[in-house]
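**Student:** Please see the structure below; I have some questions.
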Amino acid sequence: MARRPMVAGNWKMYKTAEEGVILVQDLEPLVSRLWNEVEIVVCPPYTALKSVSTVIELDRLALALGAQDVHWETEGAFTGAVAPRMLVDLLCDYVIVGHSERREHFGDTDVTVNKKAHAVFAAGMVPIVCVGESLETREAEETESFVRTQVRAAIEGIAAEHASKLVIAYEPIWAIGTGRTPTPESANDVARTIRATVGATFDQSAAMSIRVLYGGSVNPENAGRFFAEPDIDGALVGGASLEAESFAAIAEAAL
Ligand code: PGA
């Protein structure tokens with residue numbers, strides 16, 4: 001079964017609303033011809049979602065929209081938080097959940113990541129679930145078991161009909177924003193483990209349908225080598241997604 005590659009840009013805490021609009025307007029003409037083959041997603045900060053969403057709709061840009069996080073409750077007294085249906089209202093298709101920066105700085109755990117994944121599906125969107133090991137875990141040669149545990153926890157109790165839509169990003173923490181990466185072969189080994197874990201939890205069809213992304217210091221020079229691996233279906237890109245040319249070049253490499 002052919003999986004449509006995805007290249008998603010995680011803007012993190014960069015870009016005002018106005019800067020975000022300029023970025024997507026610069027980006028889209030460079031990538032629009034890829035759309036049938038490659039799904040290109042931008043994930044601005046909350047404050048830029050409305051403006052970016054509006055320009056995507058009005059200008060009919062061939063881009064999908066994602067948020068960087070969400071709360072798992074449908075509404076309530078949660079100062080500073082944003083509920084899934086607020087993101088649906090802004091026409092978000094995807095939500096990144098469990099990014100290592102959320103786990104490290106904002107207390108996300110395997111349990112809250114699972115709650116968020118449920119809430120995102122319940123609202124009709126798709127989570128981009130992030131997993132990945134620290135350098136310490138890698139050096140202890142415990143990467144595969146660590147990632148397997150994270151994936152199992154994240155997808156626990158997810159409905160079978162949603163499972164095949166999952167997007168899971170393998171992002172080794174030590175590769176994020178550092179310029180260091182695993183070899184494409186070793187990233188593929190972990191991607192295969194992720195797929196097998198989904199297969200063991202659901203079935204083989206789900207395992208073959210989910211998209212597994214690699215993330216961590218992806219750039220126009222190295223992207224193609226990751227995309228050539230059989231179990232890697234695209235990338236979650238941080239730094240290189242903040243500039244139209246570099247992000248477009250990565251998307252191009254996914255063709
Ligand atoms: P990076 O970030 O591409 O800047 O390494 C990736 C991410 O955190 O998703």
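The chains in the structure tokens are called A, B, ... from first to last as shown; in each chain the residues are counted from 1, and the ligands are counted from 1 in the order shown.
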Give the residue list for ligand 1 at 10 Å, counting only C-alpha atoms and all ligand atoms, as a VMD selection string, sorted by chain and then by residue number.

**Tutor:** chain A and resid 8 to 12 68 96 99 to 101 130 169 to 181 214 to 219 235 to 242

**Student:** Just to be explicit: take each residue in the selection above, keep N, CA and C atoms, and write the result as a short mmCIF file (atom, residue, chain, number, x, y, z; two decimals), in the first residue's frame.

**Tutor:**
```cif
data_model
loop_
_atom_site.label_atom_id
_atom_site.label_comp_id
_atom_site.auth_asym_id
_atom_site.auth_seq_id
_atom_site.Cartn_x
_atom_site.Cartn_y
_atom_site.Cartn_z
N ALA A 8 6.22 17.97 7.46
CA ALA A 8 5.54 18.89 8.36
C ALA A 8 6.56 19.85 8.97
N GLY A 9 6.21 21.12 8.99
CA GLY A 9 7.08 22.15 9.56
C GLY A 9 6.59 22.54 10.94
N ASN A 10 7.43 22.33 11.92
CA ASN A 10 7.12 22.72 13.30
C ASN A 10 7.82 24.04 13.56
N TRP A 11 7.04 25.12 13.54
CA TRP A 11 7.64 26.46 13.66
C TRP A 11 8.08 26.78 15.09
N LYS A 12 7.65 25.95 16.04
CA LYS A 12 7.96 26.19 17.46
C LYS A 12 7.56 27.62 17.86
N GLN A 68 0.65 22.90 17.40
CA GLN A 68 1.83 22.31 18.04
C GLN A 68 1.53 21.57 19.33
N ILE A 96 0.48 18.30 16.66
CA ILE A 96 1.67 17.63 17.18
C ILE A 96 1.41 17.34 18.67
N HIS A 99 5.74 16.31 21.69
CA HIS A 99 7.08 16.74 21.27
C HIS A 99 8.00 16.73 22.48
N SER A 100 9.26 16.39 22.28
CA SER A 100 10.17 16.26 23.44
C SER A 100 10.32 17.57 24.19
N GLU A 101 10.13 18.70 23.48
CA GLU A 101 10.20 19.98 24.21
C GLU A 101 9.01 20.16 25.14
N CYS A 130 4.96 12.42 18.76
CA CYS A 130 6.42 12.42 18.75
C CYS A 130 6.98 11.48 19.81
N ALA A 169 6.14 10.58 14.68
CA ALA A 169 7.44 11.16 14.32
C ALA A 169 8.50 10.61 15.27
N TYR A 170 9.49 9.98 14.67
CA TYR A 170 10.63 9.53 15.46
C TYR A 170 11.65 10.65 15.51
N GLU A 171 11.81 11.22 16.70
CA GLU A 171 12.71 12.36 16.87
C GLU A 171 13.67 12.09 18.03
N PRO A 172 14.87 11.60 17.73
CA PRO A 172 15.85 11.43 18.81
C PRO A 172 16.14 12.80 19.44
N ILE A 173 16.03 12.90 20.75
CA ILE A 173 16.15 14.20 21.40
C ILE A 173 17.51 14.85 21.09
N TRP A 174 18.53 14.01 21.04
CA TRP A 174 19.89 14.52 20.82
C TRP A 174 20.11 15.01 19.39
N ALA A 175 19.16 14.77 18.53
CA ALA A 175 19.29 15.22 17.13
C ALA A 175 18.52 16.51 16.88
N ILE A 176 17.68 16.93 17.84
CA ILE A 176 16.82 18.09 17.61
C ILE A 176 17.61 19.38 17.78
N GLY A 177 17.71 20.13 16.69
CA GLY A 177 18.37 21.43 16.72
C GLY A 177 19.87 21.37 16.96
N THR A 178 20.47 20.22 16.79
CA THR A 178 21.89 20.07 17.10
C THR A 178 22.78 19.92 15.88
N GLY A 179 22.17 19.64 14.73
CA GLY A 179 22.98 19.35 13.54
C GLY A 179 23.48 17.91 13.51
N ARG A 180 23.19 17.16 14.56
CA ARG A 180 23.57 15.73 14.58
C ARG A 180 22.36 14.91 14.19
N THR A 181 22.60 13.81 13.50
CA THR A 181 21.49 12.91 13.16
C THR A 181 21.96 11.46 13.31
N TYR A 214 10.67 11.00 10.20
CA TYR A 214 11.89 11.21 10.96
C TYR A 214 11.99 12.72 11.26
N GLY A 215 12.46 13.06 12.45
CA GLY A 215 12.68 14.47 12.79
C GLY A 215 13.94 14.63 13.61
N GLY A 216 14.60 15.76 13.42
CA GLY A 216 15.85 16.05 14.14
C GLY A 216 16.93 16.45 13.15
N SER A 217 17.14 17.79 13.04
CA SER A 217 18.19 18.33 12.16
C SER A 217 18.04 17.91 10.70
N VAL A 218 16.79 17.78 10.25
CA VAL A 218 16.57 17.52 8.82
C VAL A 218 16.85 18.81 8.05
N ASN A 219 17.58 18.69 6.95
CA ASN A 219 17.87 19.86 6.11
C ASN A 219 17.83 19.42 4.65
N ALA A 235 9.13 13.80 7.03
CA ALA A 235 9.92 14.43 8.10
C ALA A 235 9.10 15.44 8.88
N LEU A 236 9.47 15.58 10.13
CA LEU A 236 9.01 16.70 10.95
C LEU A 236 10.22 17.62 11.09
N VAL A 237 10.06 18.83 10.58
CA VAL A 237 11.19 19.73 10.41
C VAL A 237 11.04 20.95 11.31
N GLY A 238 12.05 21.27 12.08
CA GLY A 238 12.02 22.47 12.92
C GLY A 238 12.70 23.62 12.22
N GLY A 239 13.96 23.86 12.54
CA GLY A 239 14.70 25.02 12.05
C GLY A 239 14.58 25.26 10.55
N ALA A 240 14.71 24.21 9.76
CA ALA A 240 14.70 24.38 8.30
C ALA A 240 13.31 24.65 7.74
N SER A 241 12.27 24.63 8.61
CA SER A 241 10.92 24.95 8.12
C SER A 241 10.61 26.44 8.24
N LEU A 242 11.53 27.20 8.82
CA LEU A 242 11.27 28.63 9.07
C LEU A 242 11.61 29.49 7.87
#
```

**Student:** For Ile155 in chain A, work out the shell of residues within 12 Å, counting only C-alpha atoms and skipping chain neighbours fewer than 4 positions away, then give it as JSON, numbers by chain.

**Tutor:** {"A": [97, 98, 110, 111, 112, 113, 114, 115, 116, 117, 118, 119, 120, 121, 127, 128, 129, 130, 131, 148, 149, 150, 151, 159, 160, 162, 163, 164, 165, 166, 167, 168, 194, 197, 198, 199, 200, 201, 202, 206]}

**Student:** Can you work out the spacing between CA of Glu39 in chain A and CA of Val7 in chain A in Å, to one decimal?

**Tutor:**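 Those two atoms sit 6.3 Å apart.
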
**Student:** Among range 65-155 of chain A, which ones does DSSP place in alpha helix (DSSP H), written as a PyMOL selection string?

**Tutor:** chain A and resi 84-89+100-105+110-122+135-139+143-155

**Student:** Identify, on the basis of only C-alpha atoms, every residue whose closest approach to Tyr94 in chain A does not exceed 6 Å; exclude the query and any residue fewer than 4 positions from it along the same chain; express the result as a ChimeraX atom specification.

**Tutor:** /A:66,125-127

**Student:** Save the residues we just selected, C-alpha atoms, as a PDB file, in the first residue's frame?

**Tutor:**
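Writing done, so here's selection-v1.pdb:
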```pdb
ATOM      1  CA  GLY A  66      -1.418  21.739  12.194  1.00  0.00           C
ATOM      2  CA  MET A 125      -8.135  15.696  13.585  1.00  0.00           C
ATOM      3  CA  VAL A 126      -5.042  13.499  13.433  1.00  0.00           C
ATOM      4  CA  PRO A 127      -2.211  13.567  15.984  1.00  0.00           C
TER       5      PRO A 127
END
```

**Student:** For Gly224 in chain A, which residue out of A:Pro184, A:Leu23, A:Leu91, A:Ala191 is the nearest one, using only C-alpha atoms?

**Tutor:**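 Nearest to Gly224 in chain A: A:Pro184.
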
**Student:** Check range 9-96 of chain A with DSSP on the backbone and list each residue it calls strand (DSSP E or B), as number ranges by chain.

**Tutor:** A: 9-10, 39-43, 64-67, 94-96

**Student:** Just N, CA, C and O atoms for this one: save the residues we selected as an mmCIF file, in the first residue's frame.

**Tutor:**
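For reference, selection_18.cif as written:
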```cif
data_model
loop_
_atom_site.group_PDB
_atom_site.id
_atom_site.type_symbol
_atom_site.label_atom_id
_atom_site.label_comp_id
_atom_site.auth_asym_id
_atom_site.auth_seq_id
_atom_site.Cartn_x
_atom_site.Cartn_y
_atom_site.Cartn_z
ATOM 1 N N GLY A 9 6.207 21.119 8.993
ATOM 2 C CA GLY A 9 7.082 22.147 9.559
ATOM 3 C C GLY A 9 6.589 22.541 10.940
ATOM 4 O O GLY A 9 5.458 22.997 11.091
ATOM 5 N N ASN A 10 7.434 22.328 11.923
ATOM 6 C CA ASN A 10 7.118 22.717 13.300
ATOM 7 C C ASN A 10 7.823 24.043 13.558
ATOM 8 O O ASN A 10 9.031 24.081 13.748
ATOM 9 N N GLU A 39 2.173 15.401 1.144
ATOM 10 C CA GLU A 39 1.340 16.266 1.986
ATOM 11 C C GLU A 39 2.249 17.209 2.778
ATOM 12 O O GLU A 39 3.122 16.761 3.519
ATOM 13 N N ILE A 40 2.042 18.497 2.600
ATOM 14 C CA ILE A 40 2.904 19.479 3.257
ATOM 15 C C ILE A 40 2.072 20.198 4.325
ATOM 16 O O ILE A 40 0.988 20.706 4.044
ATOM 17 N N VAL A 41 2.596 20.178 5.533
ATOM 18 C CA VAL A 41 1.844 20.679 6.688
ATOM 19 C C VAL A 41 2.662 21.785 7.358
ATOM 20 O O VAL A 41 3.872 21.633 7.535
ATOM 21 N N VAL A 42 1.998 22.874 7.727
ATOM 22 C CA VAL A 42 2.677 23.897 8.533
ATOM 23 C C VAL A 42 2.027 23.949 9.917
ATOM 24 O O VAL A 42 0.803 23.870 10.042
ATOM 25 N N CYS A 43 2.866 24.057 10.929
ATOM 26 C CA CYS A 43 2.386 24.076 12.317
ATOM 27 C C CYS A 43 2.875 25.349 13.002
ATOM 28 O O CYS A 43 3.903 25.359 13.688
ATOM 29 N N ALA A 64 -1.552 21.894 4.318
ATOM 30 C CA ALA A 64 -2.400 21.500 5.445
ATOM 31 C C ALA A 64 -1.897 22.228 6.692
ATOM 32 O O ALA A 64 -0.740 22.653 6.758
ATOM 33 N N LEU A 65 -2.809 22.365 7.667
ATOM 34 C CA LEU A 65 -2.489 23.148 8.857
ATOM 35 C C LEU A 65 -2.476 22.254 10.102
ATOM 36 O O LEU A 65 -3.346 21.402 10.273
ATOM 37 N N GLY A 66 -1.480 22.474 10.934
ATOM 38 C CA GLY A 66 -1.418 21.739 12.194
ATOM 39 C C GLY A 66 -1.118 22.683 13.349
ATOM 40 O O GLY A 66 -0.574 23.770 13.153
ATOM 41 N N ALA A 67 -1.486 22.250 14.554
ATOM 42 C CA ALA A 67 -1.127 22.989 15.763
ATOM 43 C C ALA A 67 0.014 22.242 16.452
ATOM 44 O O ALA A 67 0.296 21.087 16.125
ATOM 45 N N TYR A 94 -4.139 18.616 11.764
ATOM 46 C CA TYR A 94 -3.173 17.848 12.564
ATOM 47 C C TYR A 94 -2.833 18.590 13.847
ATOM 48 O O TYR A 94 -2.940 19.820 13.910
ATOM 49 N N VAL A 95 -2.399 17.823 14.836
ATOM 50 C CA VAL A 95 -1.859 18.411 16.058
ATOM 51 C C VAL A 95 -0.626 17.608 16.475
ATOM 52 O O VAL A 95 -0.702 16.370 16.590
ATOM 53 N N ILE A 96 0.480 18.299 16.657
ATOM 54 C CA ILE A 96 1.670 17.633 17.182
ATOM 55 C C ILE A 96 1.408 17.343 18.666
ATOM 56 O O ILE A 96 1.000 18.244 19.406
#
```

**Student:** Do a neighbour search on Ala83 in chain A at 7 Å with only C-alpha atoms, toss out local chain neighbours closer than 6 positions, and write the hits as a PyMOL selection string.

**Tutor:** chain A and resi 70-75

**Student:** I'd like to know which of A:Ala196, A:Met6, A:Val38, A:Ala48 is closest to Asp233 in chain A, using only C-alpha atoms.

**Tutor:**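 When distances to Asp233 in chain A are compared using only C-alpha atoms, the smallest one comes from A:Met6.
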
**Student:** Report, in Å to a single decimal, how far apart CA of Glu221 in chain A and CA of Thr137 in chain A are.

**Tutor:** 27.1 Å

**Student:** Can you tell me how far CA of Thr54 in chain A sits from CA of Leu30 in chain A, in Å to one decimal?

**Tutor:**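 CA of Leu30 in chain A lies at a distance of 19.4 Å from CA of Thr54 in chain A.
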